[in-house]
4 protein chains.
Amino acid sequence: MNKIPVAILGATGAVGQRFVQLLDGHPWFEVAALTGSDRTVGQKYGDGCRWILPEAMPAYARDMVVVPTEPGFDGRLAFSALPTDNAKTAEPLLAAAGYAVCSNASAYRMTADVPLIIPEVNPDHTGLIPRQQAERGWPGFILTNPNCTSTGLTIAFKALQAAFGLRRGVVVSLQALSGAGYPGVPSLDIIDNVVPYIPGEEEKVELEPRKMLGTLRAGAIELAGLRLSAHTNRVAVTDGHLVCASVEFDAPADPADVVRVLTEFQAPALVQTLPSAPPVVIEVRPEADRPQPRKDRLTGGGMTTVVGRVRPDPLFHIKFIVLSHNTVHGAAGGALLNGELLVAQGYVK
Amino acid sequence: MNKIPVAILGATGAVGQRFVQLLDGHPWFEVAALTGSDRTVGQKYGDGCRWILPEAMPAYARDMVVVPTEPGFDGRLAFSALPTDNAKTAEPLLAAAGYAVCSNASAYRMTADVPLIIPEVNPDHTGLIPRQQAERGWPGFILTNPNCTSTGLTIAFKALQAAFGLRRGVVVSLQALSGAGYPGVPSLDIIDNVVPYIPGEEEKVELEPRKMLGTLRAGAIELAGLRLSAHTNRVAVTDGHLVCASVEFDAPADPADVVRVLTEFQAPALVQTLPSAPPVVIEVRPEADRPQPRKDRLTGGGMTTVVGRVRPDPLFHIKFIVLSHNTVHGAAGGALLNGELLVAQGYVK
Amino acid sequence: MNKIPVAILGATGAVGQRFVQLLDGHPWFEVAALTGSDRTVGQKYGDGCRWILPEAMPAYARDMVVVPTEPGFDGRLAFSALPTDNAKTAEPLLAAAGYAVCSNASAYRMTADVPLIIPEVNPDHTGLIPRQQAERGWPGFILTNPNCTSTGLTIAFKALQAAFGLRRGVVVSLQALSGAGYPGVPSLDIIDNVVPYIPGEEEKVELEPRKMLGTLRAGAIELAGLRLSAHTNRVAVTDGHLVCASVEFDAPADPADVVRVLTEFQAPALVQTLPSAPPVVIEVRPEADRPQPRKDRLTGGGMTTVVGRVRPDPLFHIKFIVLSHNTVHGAAGGALLNGELLVAQGYVK
Amino acid sequence: MNKIPVAILGATGAVGQRFVQLLDGHPWFEVAALTGSDRTVGQKYGDGCRWILPEAMPAYARDMVVVPTEPGFDGRLAFSALPTDNAKTAEPLLAAAGYAVCSNASAYRMTADVPLIIPEVNPDHTGLIPRQQAERGWPGFILTNPNCTSTGLTIAFKALQAAFGLRRGVVVSLQALSGAGYPGVPSLDIIDNVVPYIPGEEEKVELEPRKMLGTLRAGAIELAGLRLSAHTNRVAVTDGHLVCASVEFDAPADPADVVRVLTEFQAPALVQTLPSAPPVVIEVRPEADRPQPRKDRLTGGGMTTVVGRVRPDPLFHIKFIVLSHNTVHGAAGGALLNGELLVAQGYVK
């Protein structure tokens, strides 16, 4: 088939670069536009972008001229790596102009008529799109993926919710530096240190999973009943968010059953056919000390959620840890998978 | 007064070195013996010890000849930095030979007739000593201080227990490398990484606070009813254990009241007179992102417990974080304070 | 005596904060003014400054109101922690207005009539001040201290130059993050990494020592003949610059003699009386693997230069390593010592 | 063709594991034996080996039973990752028993009749093998690859020697932790620190390049005249050794010519055909701040030498930096390439 032309919004930032890299050689999509800020508009991407990924900048991007983030660029589908403030103003204008916007920004995640999607978890929530278009009179639309810390956690929760019912949980994150973008965290703040606070993060982690685990009924999402308490911390790790979770089910469960349920969890059939879908959705490590960020973050190319240390919890039912690659599945890779889902479901043609 | 001669058991290891340093110029104690393993016995301490602290080795220790860890060395009070296995066999022999052993080892912490003490928390638990001596026929005795992660947590819990009643808590640690001793954690395991497992640690953190917060009644400790669930992690920090805690009280409490209670918490009057007692037991930081290990671990010379981020918890009542210096108050400093308590209470003369 | 009122220019930055800390309780100086940028002018220092040092902000500074960096502030002596560009314009205006400016900025270090001073090395170079004042018609003047990497190196070189003559050297630095200020180096650039380039640094390290080791003759400095080649690198260390040096003397020298010469090196008598003078100018470590930044940077309160690994060089004569605390002696502490020198020599009254 | 059966000696250590990984799916070789220490002999590799690489343990190795490092195991070619002491005794016994030993150990690198080889540099030095076999009466032989720090340096030097003549150089390394094996450097020694000493390393770096750049004449190697002075340092980097070099040629050279010569450098034709030969031998980065270990170590799969910052040297002629992956080309990958060379040259059939 002819490839679908796509745009990357905010292409010069940390997440934008990851989009540029992941879209290199994509079987369905072809990058037709890279947008940037006033500083970079008009420059070649290779000149205007301070590339920070270890992988080399893809050849296709180097000579593309950066364009403004406003209607008119090529591409029907726009992957947004915009900062929240920019996203807030730019994304509605683009949806109104007919673009399908797959956004990694937090600006509209909790908006009632905007889908918040992890394809392995709630692909049916795209059912909000017609309502969004009808109510707002937009030919295009906005669809979002969750916060990087919510991603792996929600995937594990989905498997557990289906099997055991999920009531409550305390979740404590040890998050990677790339989650703060670039330049992000100053090195003097993190060498031989932990920063036990990430602005706005705990609120997102306590709320976003409930929307994704919720139910689409009569054109609206009923939040899942699950109640969460989150502590979020920044540690001296480049990539890979680790989360410690203690959870309460509807009834006690055996750790071995929990391991089995997580291991056997599969994405819906349609999602399994998407090019960026992880080969294995959840991998459960049997070792006492895994997963670890540096050793396990690239499992499944950064798209597999890795769980470990499944054991009884003295207060609730089960304790475990979850690792997810924050700039792959937790950001650009998640948005990309959402874009593929839109094609498979016919929302983007 | 004449100084009391003391010994340091296992003086060449990481905790042993901290004892050597903290006892330099101590107003009550004078180091009369340094014990070591077969490898170092007979050597001068300055030759046999690979000193790893940033502070210089105190002059008094350099020419002392390392002696075996067996009855016969000088000193009535013995500070034990022995590894658990050695402590298990050596400490009872020493107590039987008349030494008062203040041990940092975990071997006997949960033994029914052995006090587990933080002077700011439960100095009355030394009341177990006479029972221990009577039952075992020992002229000396063993007294222990808790695990480094339990230390700061239990001090904060003590204040909260007294004011609000304490029912349940989930606690997740981000622990420093020095807690694993030297050589301890290989650098290849921790650069750009987290190790989400510390053998035996979660069990200690879930149990030790309950003994210290318990009640001495009829010569035995009734464990506090508090139930804890712990996750323990190793992070790339040299010193300073940080713990995230979500706790449930007997009834809801206002964060401002919690801050006040923690800030006003004081050690019993006798404990306040001890030379190593922290000037302030608990300091509550008002900033959104403090305490942090590198910036706050030396508060009160490493003897003050630093709390921060006191806020409502969506599941329980209150969330907060606690920082404590793991090799000062959490190890050698804690044992030293215990030794001072023994003198003040008359158990050591 | 009455304390001399002093100002700190650029007091909210990383080096400015170190001045604020080092001047707390200073026996000769009293801080009378703190200057800042437009963003902070008019705010209390405690509110406008994002304090990054591990030591607490001194009480004296908290309620002082930040004033603009322009003539009119209190204090005869001004310690400048201004960025280079600001220093370039502001410092001459202040000197013209009568202030004695002790600058840590690089803007005027190599200017012919501006002294570049390390008191232990070339206190007589203040002899340039009268020429500077006469030629420019300034009642005040500018005096500078060297780049942080040049500092320790030049102190060691001074001792060697006097004893053996110094012809050539290759110097390679492993520099700390605090040398880049705050926020400075992004953490994503330095975790599990080295940045082998620091803009403008190699040129400074190759040139500044030659001015300080040069000779004041007829109102001008003749550069020392010494020729240097520098490589400068940034490593994941918070404080403490380490430099590897291979040097050629006028004639071969025995390593033992080099150690002796370095150890016995003393500052001129007047300099030894200054409050901030290091108790020992150079300490030579005998261990095979010292000095190390984390273990040795606080030697002499960060004012002592620590040398180690003195050994024969296969190409030149001697190899060794030098460690110096880059924000203490290498920046604020060095400028402060210069201010004290000005008082002792009568240039500031 | 049928694959050649090979053995990995010391297969459970850090370098041994890298051999196991690099030989997975090798087009010419098939792993027929894994040897280990007494502790692991008789166990399955998957059980006895504490795997530390980020890549998963290859399936082929998991169920292989570890055998002793003594004659009798399968495989004609043995890749040795033995510690130096073991290598010293075991390797001659194996050569005497007919094995071709490609050793990464330092034990015999400077032995007169043992080739020290980097195929891109001196493949003709295998000409020492017949002499070694004749003199010692061995049906097998020992061949070695250089120290990890010497590897990248010698490749760059080879290109420069051929074009400009190479007289002298000062080289200063910033070496990765994996170079010290596992557990290797304790984390407490390297967080927020540099260790400016690596036992025996400077001697190797000063001598090994001279043997490889030397000339095989009449059955012996004449060392190259090049004289080197080395400083070696350990930094907080997992993989990738960076070296700063200042070198003197026979005559001055323009940096642009140096860049051209390095870029155009090619391995001998036969070497280019080897399966593990780097696609590009030397890549020269044009950026001011590259190469950097984390960003550039995997260039060419870790087999390409990356050079940067080529610029004039004030003392000698040219300064530059070199990055080489220490456990790939600098250890297992280098030995593997040597094994392939032996096949291509007919020494192993």
# chains A, B, ... in the order shown; residues from 1 in each chain; ligands from 1
>>> select_by_dssp(residues="range 199-319 of chain C", states="strand (DSSP E or B)", output="ChimeraX atom specification")
/C:215-217,220-222,227-234,241-249,282-284,305-312,318-319
>>> write_last_selection(atoms="N, CA and C atoms", output="short mmCIF file (atom, residue, chain, number, x, y, z; two decimals), in the first residue's frame")
data_model
loop_
_atom_site.label_atom_id
_atom_site.label_comp_id
_atom_site.auth_asym_id
_atom_site.auth_seq_id
_atom_site.Cartn_x
_atom_site.Cartn_y
_atom_site.Cartn_z
N THR C 215 56.85 37.04 35.56
CA THR C 215 57.57 37.99 36.38
C THR C 215 57.06 39.41 36.16
N LEU C 216 56.81 40.09 37.27
CA LEU C 216 56.41 41.50 37.17
C LEU C 216 57.67 42.35 37.04
N ARG C 217 57.79 43.01 35.92
CA ARG C 217 58.99 43.80 35.68
C ARG C 217 58.55 45.08 34.98
N ALA C 220 54.84 45.42 34.17
CA ALA C 220 54.19 44.47 33.25
C ALA C 220 54.61 43.05 33.61
N ILE C 221 53.74 42.09 33.21
CA ILE C 221 54.05 40.69 33.49
C ILE C 221 54.72 40.06 32.28
N GLU C 222 55.89 39.52 32.48
CA GLU C 222 56.50 38.68 31.44
C GLU C 222 56.03 37.26 31.66
N ARG C 227 55.65 25.89 28.35
CA ARG C 227 54.65 25.64 27.31
C ARG C 227 53.79 24.44 27.71
N LEU C 228 52.49 24.60 27.53
CA LEU C 228 51.54 23.59 27.99
C LEU C 228 50.62 23.13 26.86
N SER C 229 50.26 21.86 26.91
CA SER C 229 49.20 21.33 26.05
C SER C 229 48.13 20.73 26.95
N ALA C 230 46.88 21.15 26.76
CA ALA C 230 45.81 20.71 27.66
C ALA C 230 44.69 19.97 26.93
N HIS C 231 44.19 18.92 27.56
CA HIS C 231 42.93 18.26 27.19
C HIS C 231 42.01 18.41 28.40
N THR C 232 40.78 18.87 28.20
CA THR C 232 39.88 19.03 29.35
C THR C 232 38.60 18.22 29.14
N ASN C 233 38.21 17.49 30.19
CA ASN C 233 37.08 16.56 30.14
C ASN C 233 36.14 16.79 31.32
N ARG C 234 34.86 16.55 31.09
CA ARG C 234 33.88 16.63 32.17
C ARG C 234 33.49 15.20 32.57
N HIS C 241 38.36 18.98 40.85
CA HIS C 241 38.98 18.78 39.54
C HIS C 241 40.28 18.00 39.71
N LEU C 242 40.41 16.93 38.93
CA LEU C 242 41.63 16.12 38.94
C LEU C 242 42.37 16.38 37.63
N VAL C 243 43.69 16.56 37.72
CA VAL C 243 44.48 16.79 36.52
C VAL C 243 45.66 15.83 36.50
N CYS C 244 45.87 15.17 35.35
CA CYS C 244 47.04 14.32 35.13
C CYS C 244 48.08 15.18 34.42
N ALA C 245 49.29 15.21 34.96
CA ALA C 245 50.32 16.08 34.37
C ALA C 245 51.61 15.30 34.13
N SER C 246 52.17 15.53 32.94
CA SER C 246 53.50 15.03 32.59
C SER C 246 54.36 16.25 32.30
N VAL C 247 55.45 16.43 33.06
CA VAL C 247 56.20 17.69 32.91
C VAL C 247 57.70 17.48 32.69
N GLU C 248 58.26 18.47 32.03
CA GLU C 248 59.69 18.48 31.74
C GLU C 248 60.35 19.61 32.51
N PHE C 249 61.40 19.29 33.24
CA PHE C 249 62.15 20.30 34.00
C PHE C 249 63.38 20.75 33.18
N ILE C 282 50.29 22.36 49.90
CA ILE C 282 50.25 21.15 49.07
C ILE C 282 50.41 19.93 49.97
N GLU C 283 49.48 19.00 49.87
CA GLU C 283 49.66 17.72 50.55
C GLU C 283 49.94 16.67 49.49
N VAL C 284 50.98 15.88 49.72
CA VAL C 284 51.30 14.80 48.77
C VAL C 284 50.86 13.48 49.39
N THR C 305 45.89 22.02 48.01
CA THR C 305 46.09 21.31 46.75
C THR C 305 46.67 19.93 47.08
N VAL C 306 46.05 18.88 46.53
CA VAL C 306 46.49 17.53 46.86
C VAL C 306 47.14 16.89 45.63
N VAL C 307 48.37 16.43 45.81
CA VAL C 307 49.13 15.83 44.72
C VAL C 307 49.36 14.35 45.03
N GLY C 308 49.45 13.53 44.00
CA GLY C 308 49.74 12.12 44.21
C GLY C 308 50.38 11.50 42.99
N ARG C 309 50.73 10.22 43.13
CA ARG C 309 51.28 9.43 42.03
C ARG C 309 52.49 10.10 41.37
N VAL C 310 53.36 10.68 42.18
CA VAL C 310 54.59 11.28 41.63
C VAL C 310 55.51 10.14 41.19
N ARG C 311 55.83 10.12 39.90
CA ARG C 311 56.62 9.00 39.36
C ARG C 311 57.35 9.46 38.10
N PRO C 312 58.36 8.68 37.66
CA PRO C 312 59.11 9.09 36.47
C PRO C 312 58.23 9.07 35.23
N ILE C 318 58.79 13.97 34.93
CA ILE C 318 57.97 13.50 36.05
C ILE C 318 56.50 13.50 35.64
N LYS C 319 55.76 12.49 36.12
CA LYS C 319 54.30 12.45 36.00
C LYS C 319 53.71 12.58 37.39
#
>>> closest_atom_pairs(of="chain B", to="chain C", cutoff="9 Å", atoms="only C-alpha atoms", output="JSON lines")
{"residue": "B:Ile52", "atom": "CA", "partner": "C:Lys295", "partner_atom": "CA", "distance": 8.3}
{"residue": "B:Leu53", "atom": "CA", "partner": "C:Lys295", "partner_atom": "CA", "distance": 7.3}
{"residue": "B:Pro54", "atom": "CA", "partner": "C:Lys295", "partner_atom": "CA", "distance": 4.4}
{"residue": "B:Glu55", "atom": "CA", "partner": "C:Lys295", "partner_atom": "CA", "distance": 7.5}
{"residue": "B:Ala56", "atom": "CA", "partner": "C:Lys295", "partner_atom": "CA", "distance": 8.9}
{"residue": "B:Ile191", "atom": "CA", "partner": "C:Asp192", "partner_atom": "CA", "distance": 6.6}
{"residue": "B:Asp192", "atom": "CA", "partner": "C:Asp192", "partner_atom": "CA", "distance": 6.4}
{"residue": "B:Arg294", "atom": "CA", "partner": "C:Pro54", "partner_atom": "CA", "distance": 7.1}
{"residue": "B:Lys295", "atom": "CA", "partner": "C:Pro54", "partner_atom": "CA", "distance": 4.4}
{"residue": "B:Asp296", "atom": "CA", "partner": "C:Pro54", "partner_atom": "CA", "distance": 6.9}
{"residue": "B:Leu298", "atom": "CA", "partner": "C:Pro54", "partner_atom": "CA", "distance": 8.6}
>>> atom_distance(atom1="CA of Val6 in chain D", atom2="CA of Lys349 in chain D")
11.5 Å
>>> residues_around(residues="Thr69 in chain B", least_positions_apart="2", cutoff="9 Å", atoms="only C-alpha atoms", output="MDAnalysis selection string")
chainID B and resid 9:10 34:37 67 71:73 90 94
>>> write_last_selection(atoms="N, CA, C and O atoms", output="short mmCIF file (atom, residue, chain, number, x, y, z; two decimals), in the first residue's frame")
data_model
loop_
_atom_site.label_atom_id
_atom_site.label_comp_id
_atom_site.auth_asym_id
_atom_site.auth_seq_id
_atom_site.Cartn_x
_atom_site.Cartn_y
_atom_site.Cartn_z
N LEU B 9 34.38 -4.23 67.68
CA LEU B 9 34.46 -5.58 67.10
C LEU B 9 34.25 -5.50 65.59
O LEU B 9 33.27 -4.91 65.14
N GLY B 10 35.15 -6.08 64.84
CA GLY B 10 35.04 -5.99 63.38
C GLY B 10 35.40 -4.59 62.93
O GLY B 10 34.72 -3.99 62.10
N LEU B 34 40.70 -2.96 69.24
CA LEU B 34 40.10 -3.09 67.90
C LEU B 34 40.23 -4.55 67.52
O LEU B 34 41.35 -5.08 67.52
N THR B 35 39.12 -5.20 67.22
CA THR B 35 39.23 -6.61 66.83
C THR B 35 39.01 -6.75 65.33
O THR B 35 38.38 -5.91 64.69
N GLY B 36 39.57 -7.84 64.79
CA GLY B 36 39.46 -8.07 63.36
C GLY B 36 39.51 -9.55 63.04
O GLY B 36 39.57 -10.39 63.94
N SER B 37 39.51 -9.83 61.76
CA SER B 37 39.53 -11.21 61.31
C SER B 37 40.98 -11.74 61.31
O SER B 37 41.93 -10.98 61.51
N VAL B 67 43.32 -7.20 67.42
CA VAL B 67 43.28 -8.42 68.24
C VAL B 67 42.10 -9.30 67.81
O VAL B 67 41.20 -8.84 67.11
N PRO B 71 37.02 -13.35 73.96
CA PRO B 71 37.21 -12.79 75.29
C PRO B 71 38.69 -12.57 75.61
O PRO B 71 39.54 -13.40 75.23
N GLY B 72 38.97 -11.47 76.30
CA GLY B 72 40.35 -11.17 76.67
C GLY B 72 40.77 -9.76 76.30
O GLY B 72 41.68 -9.21 76.90
N PHE B 73 40.10 -9.17 75.34
CA PHE B 73 40.50 -7.82 74.95
C PHE B 73 40.07 -6.82 76.03
O PHE B 73 39.19 -7.08 76.84
N ALA B 90 30.00 -15.13 68.07
CA ALA B 90 30.92 -14.41 68.96
C ALA B 90 30.22 -13.64 70.07
O ALA B 90 30.70 -13.61 71.22
N LEU B 94 31.00 -13.44 74.24
CA LEU B 94 31.50 -12.22 74.88
C LEU B 94 30.58 -11.80 76.03
O LEU B 94 31.05 -11.39 77.10
#
>>> residues_around(residues="Phe79 in chain D", least_positions_apart="4", cutoff="7 Å", atoms="only C-alpha atoms", output="ChimeraX atom specification")
/D:7-9,101-103,335
>>> residues_around(residues="Leu160 in chain B", least_positions_apart="5", cutoff="9 Å", atoms="only C-alpha atoms", output="MDAnalysis selection string")
chainID B and resid 155 165:166 249 258 261:262
